[in-house]
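Here is protein35.txt, consisting of compact mmCIF, C-alpha atoms:
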```txt
# COMPACT_ATOMS: atom_id res chain seq x y z
CA MET A 1 111.40 93.99 76.09
CA SER A 2 114.19 96.42 75.33
CA GLU A 3 117.46 96.17 77.16
CA LYS A 4 117.65 99.84 78.07
CA PRO A 5 118.58 100.72 81.66
CA SER A 6 115.88 99.88 84.14
CA SER A 7 113.74 102.69 85.45
CA ILE A 8 113.39 101.01 88.84
CA LEU A 9 115.08 103.25 91.37
CA PHE A 10 115.31 101.83 94.86
CA ALA A 11 117.85 100.60 97.33
CA PRO A 12 117.96 97.04 98.60
CA GLY A 13 115.89 96.48 101.72
CA LYS A 14 116.68 94.60 104.91
CA ARG A 15 115.00 91.43 106.03
CA ARG A 16 112.11 92.24 108.38
CA GLY A 17 110.85 88.90 109.63
CA ALA A 18 111.38 85.16 109.59
CA LEU A 19 108.05 84.40 107.97
CA ARG A 20 108.32 84.80 104.25
CA ARG A 21 106.45 83.92 101.11
CA VAL A 22 106.87 80.22 100.54
CA LEU A 23 107.37 80.15 96.82
CA LEU A 24 108.98 83.48 96.26
CA GLY A 25 111.90 85.54 95.26
CA GLY A 26 114.91 83.32 94.48
CA ALA A 27 114.52 80.77 97.27
CA LEU A 28 116.88 78.33 95.57
CA MET A 29 119.02 80.58 93.37
CA LEU A 30 122.61 79.37 93.08
CA GLY A 31 125.08 81.36 91.30
CA ILE A 32 127.69 83.99 90.88
CA CYS A 33 131.45 83.96 90.32
CA GLN A 34 133.50 85.96 92.76
CA ALA A 35 135.47 88.76 91.13
CA ASP A 36 136.19 92.41 91.65
CA ALA A 37 134.04 94.71 89.57
CA ALA A 38 135.85 96.63 86.89
CA PRO A 39 135.44 100.41 87.16
CA ASP A 40 133.85 100.59 83.72
CA ASN A 41 131.17 98.13 84.82
CA PHE A 42 129.50 100.50 87.28
CA THR A 43 126.33 101.01 85.21
CA SER A 44 125.73 97.29 84.93
CA ILE A 45 126.34 96.79 88.64
CA GLU A 46 123.95 99.58 89.59
CA ARG A 47 121.28 98.24 87.29
CA GLY A 48 121.83 94.81 88.81
CA ARG A 49 121.41 96.23 92.28
CA VAL A 50 117.99 97.66 91.54
CA LEU A 51 116.93 94.58 89.57
CA THR A 52 117.99 92.31 92.43
CA THR A 53 115.83 94.33 94.76
CA ALA A 54 112.97 94.06 92.29
CA GLY A 55 113.37 90.29 92.55
CA ASP A 56 113.40 90.67 96.36
CA CYS A 57 116.33 88.27 96.66
CA THR A 58 117.14 89.45 100.19
CA GLY A 59 113.68 88.36 101.31
CA CYS A 60 114.53 84.68 100.97
CA HIS A 61 118.30 84.69 101.12
CA THR A 62 118.80 86.73 104.31
CA THR A 63 117.88 85.65 107.82
CA VAL A 64 116.97 87.95 110.68
CA ASN A 65 120.19 89.73 111.67
CA GLY A 66 122.07 87.66 109.10
CA GLN A 67 124.48 88.89 106.45
CA SER A 68 122.82 89.90 103.21
CA MET A 69 122.43 87.02 100.74
CA ALA A 70 124.13 84.50 103.05
CA GLY A 71 121.09 82.20 103.03
CA GLY A 72 119.94 79.91 105.81
CA LEU A 73 116.30 80.96 105.96
CA ALA A 74 113.99 77.98 106.49
CA LEU A 75 110.92 77.99 104.27
CA GLU A 76 108.03 75.68 105.09
CA THR A 77 106.46 74.46 101.86
CA PRO A 78 103.63 71.95 101.26
CA PHE A 79 106.32 69.46 100.27
CA GLY A 80 108.65 69.93 103.21
CA ARG A 81 111.21 72.29 104.63
CA ILE A 82 113.63 74.10 102.31
CA VAL A 83 116.60 76.10 103.56
CA THR A 84 117.70 78.85 101.23
CA PRO A 85 121.28 78.80 99.97
CA ASN A 86 124.16 81.15 100.52
CA ILE A 87 124.37 83.22 97.33
CA THR A 88 127.26 85.44 98.30
CA PRO A 89 130.40 85.03 96.17
CA ASP A 90 132.12 82.84 98.76
CA ASP A 91 134.04 80.04 97.04
CA GLU A 92 133.57 77.39 99.72
CA THR A 93 130.10 77.85 101.21
CA GLY A 94 128.54 80.25 98.73
CA ILE A 95 128.37 80.45 94.99
CA GLY A 96 131.62 82.08 94.10
CA ARG A 97 132.61 79.68 91.34
CA TRP A 98 129.66 80.08 89.00
CA SER A 99 130.12 81.62 85.58
CA GLU A 100 127.65 84.07 84.08
CA ALA A 101 126.49 81.38 81.65
CA GLU A 102 125.81 78.99 84.54
CA PHE A 103 123.97 81.71 86.41
CA THR A 104 121.85 82.47 83.35
CA ARG A 105 121.00 78.79 82.97
CA ALA A 106 119.79 78.69 86.58
CA MET A 107 117.68 81.82 86.13
CA GLN A 108 116.11 80.91 82.81
CA PHE A 109 115.97 77.12 82.91
CA GLY A 110 116.15 76.08 86.56
CA ILE A 111 119.40 74.13 86.21
CA ARG A 112 122.17 74.67 88.73
CA ARG A 113 125.92 74.51 88.16
CA ASP A 114 126.26 70.74 88.72
CA GLY A 115 123.44 70.02 86.26
CA ALA A 116 120.85 69.19 88.92
CA HIS A 117 117.38 70.67 88.70
CA LEU A 118 116.27 73.49 90.94
CA TYR A 119 112.86 73.35 92.58
CA PRO A 120 110.26 75.94 91.57
CA ALA A 121 110.48 77.39 95.07
CA PHE A 122 113.09 79.38 93.17
CA PRO A 123 110.74 81.05 90.67
CA TYR A 124 112.62 80.25 87.48
CA PRO A 125 109.24 79.80 85.72
CA ASN A 126 109.00 83.60 86.14
CA TYR A 127 112.66 84.46 85.83
CA THR A 128 112.85 82.72 82.46
CA ARG A 129 111.08 85.84 81.16
CA VAL A 130 113.82 88.19 82.35
CA THR A 131 116.04 89.46 79.53
CA ARG A 132 119.60 88.25 79.16
CA GLN A 133 120.86 91.79 79.70
CA ASP A 134 118.99 92.14 82.99
CA ILE A 135 120.29 88.75 84.13
CA SER A 136 123.82 89.82 83.21
CA ASP A 137 123.41 92.96 85.30
CA ILE A 138 122.07 91.00 88.28
CA TYR A 139 125.06 88.70 87.98
CA ALA A 140 127.43 91.66 87.91
CA TYR A 141 125.89 93.15 91.05
CA LEU A 142 125.81 89.94 93.05
CA ARG A 143 129.53 89.45 92.40
CA THR A 144 130.10 92.61 94.43
CA VAL A 145 128.19 91.40 97.51
CA PRO A 146 130.60 90.81 100.42
CA PRO A 147 131.30 87.06 100.62
CA ALA A 148 130.06 85.28 103.73
CA THR A 149 131.02 81.91 105.15
CA ASN A 150 127.77 80.13 105.93
CA VAL A 151 127.25 76.41 105.42
CA VAL A 152 123.63 75.64 104.49
CA ASP A 153 122.00 72.20 104.43
CA ARG A 154 120.43 71.94 100.99
CA ASP A 155 118.97 68.44 101.43
CA THR A 156 116.04 68.90 103.79
CA LEU A 157 113.10 67.70 101.69
CA PRO A 158 111.69 64.25 102.55
CA PHE A 159 111.49 61.35 100.11
CA PRO A 160 110.32 61.38 97.33
CA PHE A 161 110.50 65.17 96.96
CA ASN A 162 114.27 65.08 97.48
CA ILE A 163 114.70 63.40 94.08
CA ARG A 164 115.68 66.36 91.94
CA ALA A 165 115.57 64.35 88.71
CA ALA A 166 111.78 64.25 89.07
CA MET A 167 111.78 67.96 88.26
CA ALA A 168 112.49 67.09 84.62
CA GLY A 169 108.98 65.65 84.41
CA TRP A 170 107.53 68.63 86.27
CA ASN A 171 109.15 70.96 83.79
CA LEU A 172 107.68 69.06 80.85
CA LEU A 173 104.23 69.49 82.34
CA PHE A 174 104.34 73.00 83.73
CA PHE A 175 107.40 74.98 82.58
CA THR A 176 107.58 77.01 79.37
CA PRO A 177 110.97 78.70 78.98
CA GLY A 178 111.31 81.93 77.04
CA GLU A 179 112.04 85.61 77.53
CA PHE A 180 109.26 88.16 77.80
CA ARG A 181 107.88 89.50 74.54
CA PRO A 182 105.78 92.68 74.46
CA GLU A 183 102.13 92.19 73.59
CA ALA A 184 101.21 93.74 70.26
CA GLY A 185 98.65 96.49 70.43
CA ARG A 186 99.41 97.31 74.06
CA SER A 187 101.06 100.46 75.35
CA GLU A 188 104.68 100.64 76.42
CA VAL A 189 103.47 101.28 79.96
CA TYR A 190 101.30 98.15 79.92
CA ASN A 191 104.13 95.99 78.60
CA ARG A 192 106.57 97.40 81.13
CA GLY A 193 104.12 96.46 83.86
CA ALA A 194 103.66 92.98 82.41
CA TYR A 195 107.43 92.47 82.39
CA LEU A 196 107.73 93.49 86.04
CA VAL A 197 104.68 91.56 87.30
CA GLU A 198 105.26 88.37 85.31
CA GLY A 199 109.05 88.35 85.52
CA LEU A 200 111.19 89.63 88.38
CA GLY A 201 108.18 90.62 90.47
CA HIS A 202 106.68 87.10 90.16
CA CYS A 203 103.43 88.34 91.73
CA GLY A 204 101.51 85.25 90.70
CA THR A 205 103.75 83.08 92.85
CA CYS A 206 101.67 84.16 95.84
CA HIS A 207 98.50 85.49 94.26
CA THR A 208 97.73 82.47 92.04
CA PRO A 209 96.46 79.19 93.53
CA ARG A 210 98.56 76.08 92.95
CA ASN A 211 97.67 72.56 91.96
CA LEU A 212 98.65 69.44 93.89
CA LEU A 213 102.05 69.37 92.20
CA GLY A 214 102.88 72.94 93.15
CA ALA A 215 102.35 74.52 89.73
CA ASP A 216 100.31 77.65 89.09
CA SER A 217 96.66 77.06 88.30
CA THR A 218 96.76 79.10 85.09
CA ARG A 219 92.98 79.21 84.77
CA GLN A 220 92.88 81.11 88.07
CA THR A 221 95.75 83.54 87.55
CA PHE A 222 95.88 86.19 90.30
CA GLU A 223 92.67 84.91 91.95
CA GLY A 224 94.42 84.48 95.29
CA GLY A 225 96.41 81.71 96.88
CA ASN A 226 97.13 80.09 100.23
CA LEU A 227 100.45 80.87 101.78
CA LEU A 228 100.66 78.68 104.86
CA SER A 229 98.68 80.65 107.44
CA TRP A 230 98.11 83.64 105.13
CA PHE A 231 95.98 84.09 102.04
CA ALA A 232 97.35 86.30 99.26
CA PRO A 233 94.18 88.01 98.01
CA ASN A 234 92.61 88.19 94.60
CA ILE A 235 94.26 90.91 92.46
CA THR A 236 92.18 90.47 89.31
CA GLY A 237 89.68 93.02 88.01
CA ASP A 238 86.89 91.46 90.08
CA THR A 239 85.08 94.43 91.60
CA ARG A 240 84.04 92.63 94.80
CA ARG A 241 86.99 90.42 95.72
CA GLY A 242 89.73 91.90 93.55
CA ILE A 243 91.07 95.33 92.65
CA GLY A 244 88.57 96.18 89.92
CA GLY A 245 87.23 99.03 92.03
CA TRP A 246 90.69 100.45 92.73
CA SER A 247 92.09 103.24 90.59
CA VAL A 248 95.60 103.09 89.16
CA GLN A 249 96.63 105.76 91.65
CA GLU A 250 95.20 103.81 94.58
CA ILE A 251 97.27 100.78 93.56
CA VAL A 252 100.37 102.95 93.24
CA GLU A 253 99.73 104.47 96.66
CA TYR A 254 99.33 101.04 98.24
CA LEU A 255 102.57 99.74 96.71
CA LYS A 256 104.50 102.91 97.52
CA THR A 257 103.35 103.48 101.10
CA GLY A 258 101.85 100.17 102.21
CA ARG A 259 98.33 101.55 102.55
CA ASN A 260 95.55 103.51 100.92
CA ALA A 261 91.99 104.40 101.85
CA ARG A 262 90.89 100.83 101.10
CA SER A 263 93.50 98.60 102.71
CA ALA A 264 96.84 98.22 104.48
CA ALA A 265 99.63 95.76 103.78
CA SER A 266 100.50 93.28 106.52
CA GLY A 267 102.20 89.92 106.79
CA PRO A 268 104.28 88.83 103.78
CA MET A 269 102.89 91.67 101.66
CA ALA A 270 104.15 94.21 104.17
CA GLU A 271 107.65 92.83 103.64
CA VAL A 272 107.25 93.05 99.87
CA VAL A 273 106.24 96.69 100.20
CA MET A 274 108.99 97.60 102.64
CA ASP A 275 111.81 95.78 100.83
CA SER A 276 110.77 96.32 97.24
CA THR A 277 107.78 98.25 95.95
CA SER A 278 108.15 101.21 98.30
CA ARG A 279 111.61 101.71 96.78
CA MET A 280 110.41 101.77 93.19
CA ASN A 281 109.76 104.94 91.25
CA GLU A 282 106.38 106.27 90.21
CA ALA A 283 106.75 105.24 86.58
CA ASP A 284 107.31 101.56 87.32
CA LEU A 285 104.58 101.44 89.96
CA THR A 286 102.21 103.05 87.47
CA ALA A 287 103.21 100.44 84.91
CA ILE A 288 102.45 97.62 87.36
CA ALA A 289 99.10 99.15 88.27
CA THR A 290 98.24 99.71 84.60
CA TYR A 291 98.97 96.10 83.74
CA LEU A 292 96.93 94.75 86.64
CA LYS A 293 94.02 97.02 85.74
CA GLU A 294 94.02 96.43 82.00
CA ARG A 295 94.74 92.73 81.76
CA GLY A 296 91.63 90.63 81.29
CA ALA A 297 88.33 92.45 81.03
CA PRO A 298 87.94 95.77 79.17
CA ASN A 299 88.56 98.90 81.24
CA GLY A 300 90.29 96.83 83.92
CA THR A 301 87.08 95.67 85.57
CA ALA A 302 85.26 92.39 85.60
CA ALA A 303 81.82 91.40 86.70
CA PRO A 304 82.06 90.26 90.30
CA ALA A 305 81.92 86.56 90.91
CA PRO A 306 78.53 85.46 92.17
CA ALA A 307 78.36 86.34 95.83
CA PRO A 308 76.44 84.45 98.45
CA ALA A 309 73.50 86.30 99.88
CA PRO A 310 74.64 87.96 103.09
CA LEU A 311 73.49 86.27 106.25
CA ALA A 312 70.43 87.80 107.80
CA ALA A 313 71.01 90.11 110.74
CA SER A 314 68.79 87.80 112.78
CA ASP A 315 71.18 84.85 112.34
CA ALA A 316 72.62 83.71 115.67
CA SER A 317 76.22 84.14 114.50
CA MET A 318 75.45 87.61 113.19
CA ARG A 319 73.86 88.68 116.47
CA ALA A 320 76.77 87.33 118.52
CA GLY A 321 79.30 88.79 116.11
CA MET A 322 77.70 92.23 116.22
CA ALA A 323 77.99 92.29 120.02
CA ILE A 324 81.65 91.30 119.86
CA TYR A 325 82.35 93.88 117.14
CA THR A 326 80.68 96.63 119.14
CA ASP A 327 82.69 95.77 122.22
CA THR A 328 86.05 95.01 120.61
CA CYS A 329 86.39 96.44 117.11
CA MET A 330 84.17 99.49 116.69
CA ALA A 331 86.48 101.97 118.40
CA CYS A 332 89.00 101.66 115.56
CA HIS A 333 86.98 100.44 112.59
CA THR A 334 83.86 102.56 113.40
CA GLY A 335 80.27 101.49 113.69
CA GLY A 336 79.73 101.37 109.94
CA GLY A 337 82.97 99.54 109.19
CA GLY A 338 84.47 102.60 107.52
CA GLY A 339 87.70 102.60 109.49
CA ILE A 340 89.96 105.64 109.68
CA ASP A 341 91.65 106.52 106.38
CA LEU A 342 95.33 105.53 106.26
CA ILE A 343 95.27 104.33 109.88
CA PHE A 344 92.65 101.64 110.50
CA PRO A 345 91.61 99.71 107.37
CA ARG A 346 88.12 100.01 105.99
CA LEU A 347 86.04 96.84 106.44
CA ALA A 348 82.92 97.89 104.53
CA GLY A 349 83.30 96.91 100.89
CA SER A 350 86.78 95.49 101.53
CA ALA A 351 88.00 92.99 98.97
CA LEU A 352 90.20 91.31 101.57
CA VAL A 353 87.26 90.88 103.93
CA GLN A 354 85.18 89.27 101.16
CA GLN A 355 87.70 86.69 99.97
CA ASP A 356 86.21 83.20 99.88
CA ASP A 357 89.12 82.05 102.06
CA PRO A 358 89.17 83.77 105.48
CA THR A 359 92.67 82.57 106.39
CA THR A 360 94.26 86.02 106.60
CA LEU A 361 91.38 87.44 108.64
CA LEU A 362 91.58 84.56 111.09
CA ARG A 363 95.30 85.01 111.50
CA ILE A 364 95.03 88.75 112.06
CA VAL A 365 92.26 88.47 114.65
CA ILE A 366 93.90 85.63 116.57
CA SER A 367 97.55 86.71 116.36
CA GLY A 368 97.48 90.37 115.40
CA ALA A 369 99.43 92.02 112.60
CA GLN A 370 101.79 94.90 111.90
CA SER A 371 101.22 97.09 108.87
CA ALA A 372 104.07 98.09 106.60
CA ALA A 373 106.23 101.04 107.65
CA THR A 374 107.76 102.93 104.73
CA ASP A 375 109.65 106.15 104.15
CA LEU A 376 106.46 107.94 103.07
CA ALA A 377 104.36 106.34 105.82
CA PRO A 378 106.80 105.57 108.64
CA THR A 379 104.18 104.66 111.23
CA GLY A 380 102.93 101.14 110.68
CA PRO A 381 99.70 100.76 112.67
CA ALA A 382 99.26 97.43 114.41
CA MET A 383 96.26 95.22 114.98
CA PRO A 384 96.47 93.69 118.49
CA ALA A 385 96.08 89.97 118.97
CA LEU A 386 92.61 89.06 120.20
CA GLY A 387 93.04 85.30 120.45
CA TRP A 388 93.86 85.54 124.14
CA ARG A 389 90.39 86.90 124.95
CA LEU A 390 88.15 85.51 122.19
CA SER A 391 87.18 81.87 121.94
CA ASP A 392 87.19 79.99 118.64
CA ARG A 393 83.44 80.46 118.43
CA GLN A 394 83.69 84.19 119.11
CA VAL A 395 86.41 84.66 116.47
CA ALA A 396 84.21 82.88 113.93
CA ASP A 397 81.16 84.93 114.89
CA VAL A 398 82.80 88.36 114.70
CA LEU A 399 84.36 87.55 111.33
CA THR A 400 81.08 86.21 110.03
CA PHE A 401 79.44 89.49 111.07
CA ILE A 402 82.13 91.62 109.43
CA ARG A 403 81.99 89.57 106.21
CA ASN A 404 78.21 90.00 105.94
CA SER A 405 77.62 93.59 107.04
CA TRP A 406 77.70 97.04 105.38
CA GLY A 407 77.18 95.59 101.92
CA ASN A 408 79.72 92.77 102.33
CA ALA A 409 78.83 89.20 101.41
CA ALA A 410 81.02 86.18 102.03
CA PRO A 411 80.73 82.66 103.42
CA ALA A 412 80.35 82.34 107.18
CA VAL A 413 83.48 81.50 109.16
CA THR A 414 83.28 78.30 111.16
CA GLU A 415 84.47 77.46 114.64
CA ASP A 416 86.57 74.66 113.18
CA GLN A 417 88.40 77.13 110.92
CA SER A 418 89.19 79.25 113.96
CA ARG A 419 90.37 76.23 115.90
CA ARG A 420 92.72 75.14 113.11
CA MET A 421 94.20 78.63 112.78
CA ARG A 422 94.76 78.86 116.52
CA ALA A 423 96.61 75.55 116.42
CA THR A 424 98.81 76.91 113.62
CA VAL A 425 99.55 80.35 114.98
CA ALA A 426 99.62 80.94 118.73
CA PRO A 427 98.39 84.33 119.98
CA GLN A 428 101.17 86.88 120.42
```

Since I need it in another form, could you write the structure as structure tokens?
Amino acid sequence: MSEKPSSILFAPGKRRGALRRVLLGGALMLGICQADAAPDNFTSIERGRVLTTAGDCTGCHTTVNGQSMAGGLALETPFGRIVTPNITPDDETGIGRWSEAEFTRAMQFGIRRDGAHLYPAFPYPNYTRVTRQDISDIYAYLRTVPPATNVVDRDTLPFPFNIRAAMAGWNLLFFTPGEFRPEAGRSEVYNRGAYLVEGLGHCGTCHTPRNLLGADSTRQTFEGGNLLSWFAPNITGDTRRGIGGWSVQEIVEYLKTGRNARSAASGPMAEVVMDSTSRMNEADLTAIATYLKERGAPNGTAAPAPAPAPLAASDASMRAGMAIYTDTCMACHTGGGGGIDLIFPRLAGSALVQQDDPTTLLRIVISGAQSAATDLAPTGPAMPALGWRLSDRQVADVLTFIRNSWGNAAPAVTEDQSRRMRATVAPQ
């Protein structure tokens, strides 16, 4: 990857919610020296600003109504609670005494200033691919962030996960350091997209399932992953559950505005769109879309994974679900599940609807959701919570109907799945 100035052009976003991706965007980054920027360093600082936004550092290091980068956001992980650090250049409670070399070591090797290992909640397995020049620019920008006094408890994980030395073994098993190298025979656009997706963008951190030790399941890259009470969907070329049927322009539109004719971003992805991708320029979004489309199968498509046969319309759950849909959902999503373009998401043929894991659908129906609001699409339509009026059985039935109608095919949703989601997320 060349070290020419980045073509990402966007301003840093503000934190828009306490819930955040669990294993994303610099959750444990530690490191910048405090110093005034020299006037001749403006280009590096500006590049660092846009690169920092590409890494979505504010998403994990800024609390609701908190000072930018001051940390303190609690992240619930499968291994316990992690509180993100203060990464402003404050000498006492922040990271004002780190050198650029120490910052680079944290980014590329997951080692903090005192020599202790960082946890992969800070995605150094992705950031290791970022070029030294880009890391230097990020460092230069973060030194200009206003320092904030904010003491953060960094020791919140339970035993034995609080033993940082164990990360040395984890790294031997799952971490391969090394900067990004362009793939021979691929276009510059493709390789630019690969650099953004695999490096600073760290898309696989959410969209790839993880093994029991918290490492990416590399044989299932981008096939979707659980994120507490959300499910980051499949973004492979699968034409049924992934984005194989999406055009490059549809992907760009989704990332730029938070919606397209097929879907709308909500939950953690809405924050990604609002804080990061909506602020990127067309060239970089096109590069991301090109990479996602062209990686894997030829022409960016893959044969759909074997789908279960849709449940028969005569099935009891289907009959009950159809009645609930007609009474509760049809006014917005229409009788044929077509939705209203750019307002109410399409359900017929929806990849999100047909994911094997219905976690996101359950959460949206029970608790509601707010779509992304961006400069180009400032009205973020909302899905009202229905958990207050639908029982666990009714939630399961209506989702089973939606997932097996209008050409859709997906496993039935169970009452127990609804019950567990309701216990996790109370209706709003």

Fewer than 6 positions away in the same chain doesn't count, so skip those; otherwise give me all residues within 7 Å of range 208-217 of chain A, counting all atoms listed in the file, as number ranges by chain. A: 174, 223-226

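When all atoms listed in the file are used to compute distances to Gly110 in chain A, the closest of the residues A:Thr176, A:Ser68, A:Thr374, A:Gln133 turns out to be A:Thr176.
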
Could you name the residues that touch range 251-267 of chain A at 8 Å or less, counting all atoms listed in the file, but leaving out those on the same chain fewer than 4 positions away, as a ChimeraX atom specification? /A:230,246-247,271,273-274,277-280,282,285-286,289,341-342,345-346,350,369-377

Test item: axis-aligned box, all listed atoms of range 135-138 of chain A, 3 Å on each side, centre and edges in Å rounded to one decimal, as AutoDock Vina command-line options:
```
--center_x 122.1 --center_y 90.9 --center_z 85.7 --size_x 9.5 --size_y 10.2 --size_z 11.1
```

Let me make sure I understand: among A:Met269, A:Ala101, A:Cys60, A:Ala307, which one has the smallest atom-to-atom distance to Arg132 in chain A if we use all atoms listed in the file?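 Under the stated criterion, the closest residue is A:Ala101.
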
Compare A:Pro268, A:Ala348, A:Ser44, A:Thr63 by their minimum atom-to-atom distance to Ser229 in chain A, counting all atoms listed in the file, and give me the closest one.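 Ranked by minimum distance to Ser229 in chain A, first place goes to A:Pro268.
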
re CA of Gly296 in chain A and CA of Gly237 in chain A: distance 7.4 Å

Using all atoms listed in the file, which residues of range 291-340 of chain A come within 8 Å of range 380-396 of chain A, and what is the closest atom pair for each, with the distance in Å to one decimal? Give it as JSON lines, sorted by chain and residue number.
```
{"residue": "A:Ala320", "atom": "CA", "partner": "A:Gln394", "partner_atom": "CA", "distance": 7.6}
{"residue": "A:Gly321", "atom": "CA", "partner": "A:Gln394", "partner_atom": "CA", "distance": 7.0}
{"residue": "A:Ile324", "atom": "CA", "partner": "A:Gln394", "partner_atom": "CA", "distance": 7.4}
```

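Comparing the minimum interatomic distances between Leu311 in chain A and each of A:Arg363, A:Arg240, A:Arg403, A:His202, counting all atoms listed in the file, we find that A:Arg403 sits nearest.
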
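Closest to Val152 in chain A among A:Arg219, A:His61, A:His207, A:Arg181 is A:His61, based on all atoms listed in the file.
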
CA of Thr43 in chain A and CA of Phe122 in chain A, how far apart in Å?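 Interatomic distance, CA of Phe122 in chain A to CA of Thr43 in chain A: 26.6 Å.
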
What gap, in Å, lies between CA of Ile95 in chain A and CA of Leu172 in chain A?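 Result for CA of Ile95 in chain A versus CA of Leu172 in chain A: 27.5 Å, one decimal.
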
Restricting the calculation to all atoms listed in the file, which member of A:Gly48, A:Gly335, A:Gly244, A:Pro233 is positioned closest to Asp137 in chain A? A:Gly48

Please, could N, CA and C atoms be added to range 87-98 of chain A and the result written as a short mmCIF file (atom, residue, chain, number, x, y, z; two decimals), in the coordinates of the input?
```cif
data_model
loop_
_atom_site.label_atom_id
_atom_site.label_comp_id
_atom_site.auth_asym_id
_atom_site.auth_seq_id
_atom_site.Cartn_x
_atom_site.Cartn_y
_atom_site.Cartn_z
N ILE A 87 124.09 82.77 98.70
CA ILE A 87 124.37 83.22 97.33
C ILE A 87 125.36 84.38 97.30
N THR A 88 126.15 84.49 98.37
CA THR A 88 127.26 85.44 98.30
C THR A 88 128.38 84.79 97.49
N PRO A 89 129.32 85.59 96.98
CA PRO A 89 130.40 85.03 96.17
C PRO A 89 131.52 84.40 96.99
N ASP A 90 131.14 83.58 97.97
CA ASP A 90 132.12 82.84 98.76
C ASP A 90 132.40 81.52 98.04
N ASP A 91 133.69 81.21 97.83
CA ASP A 91 134.04 80.04 97.04
C ASP A 91 133.66 78.73 97.71
N GLU A 92 133.74 78.67 99.03
CA GLU A 92 133.57 77.39 99.72
C GLU A 92 132.13 77.13 100.14
N THR A 93 131.47 78.09 100.72
CA THR A 93 130.10 77.85 101.21
C THR A 93 129.05 78.62 100.42
N GLY A 94 129.48 79.48 99.55
CA GLY A 94 128.54 80.25 98.73
C GLY A 94 128.56 79.80 97.29
N ILE A 95 128.53 80.75 96.41
CA ILE A 95 128.37 80.45 94.99
C ILE A 95 129.42 81.18 94.16
N GLY A 96 130.59 81.27 94.72
CA GLY A 96 131.62 82.08 94.10
C GLY A 96 132.25 81.51 92.86
N ARG A 97 131.93 80.30 92.48
CA ARG A 97 132.61 79.68 91.34
C ARG A 97 131.71 79.53 90.11
N TRP A 98 130.57 80.17 90.14
CA TRP A 98 129.66 80.08 89.00
C TRP A 98 130.04 81.10 87.93
#
```
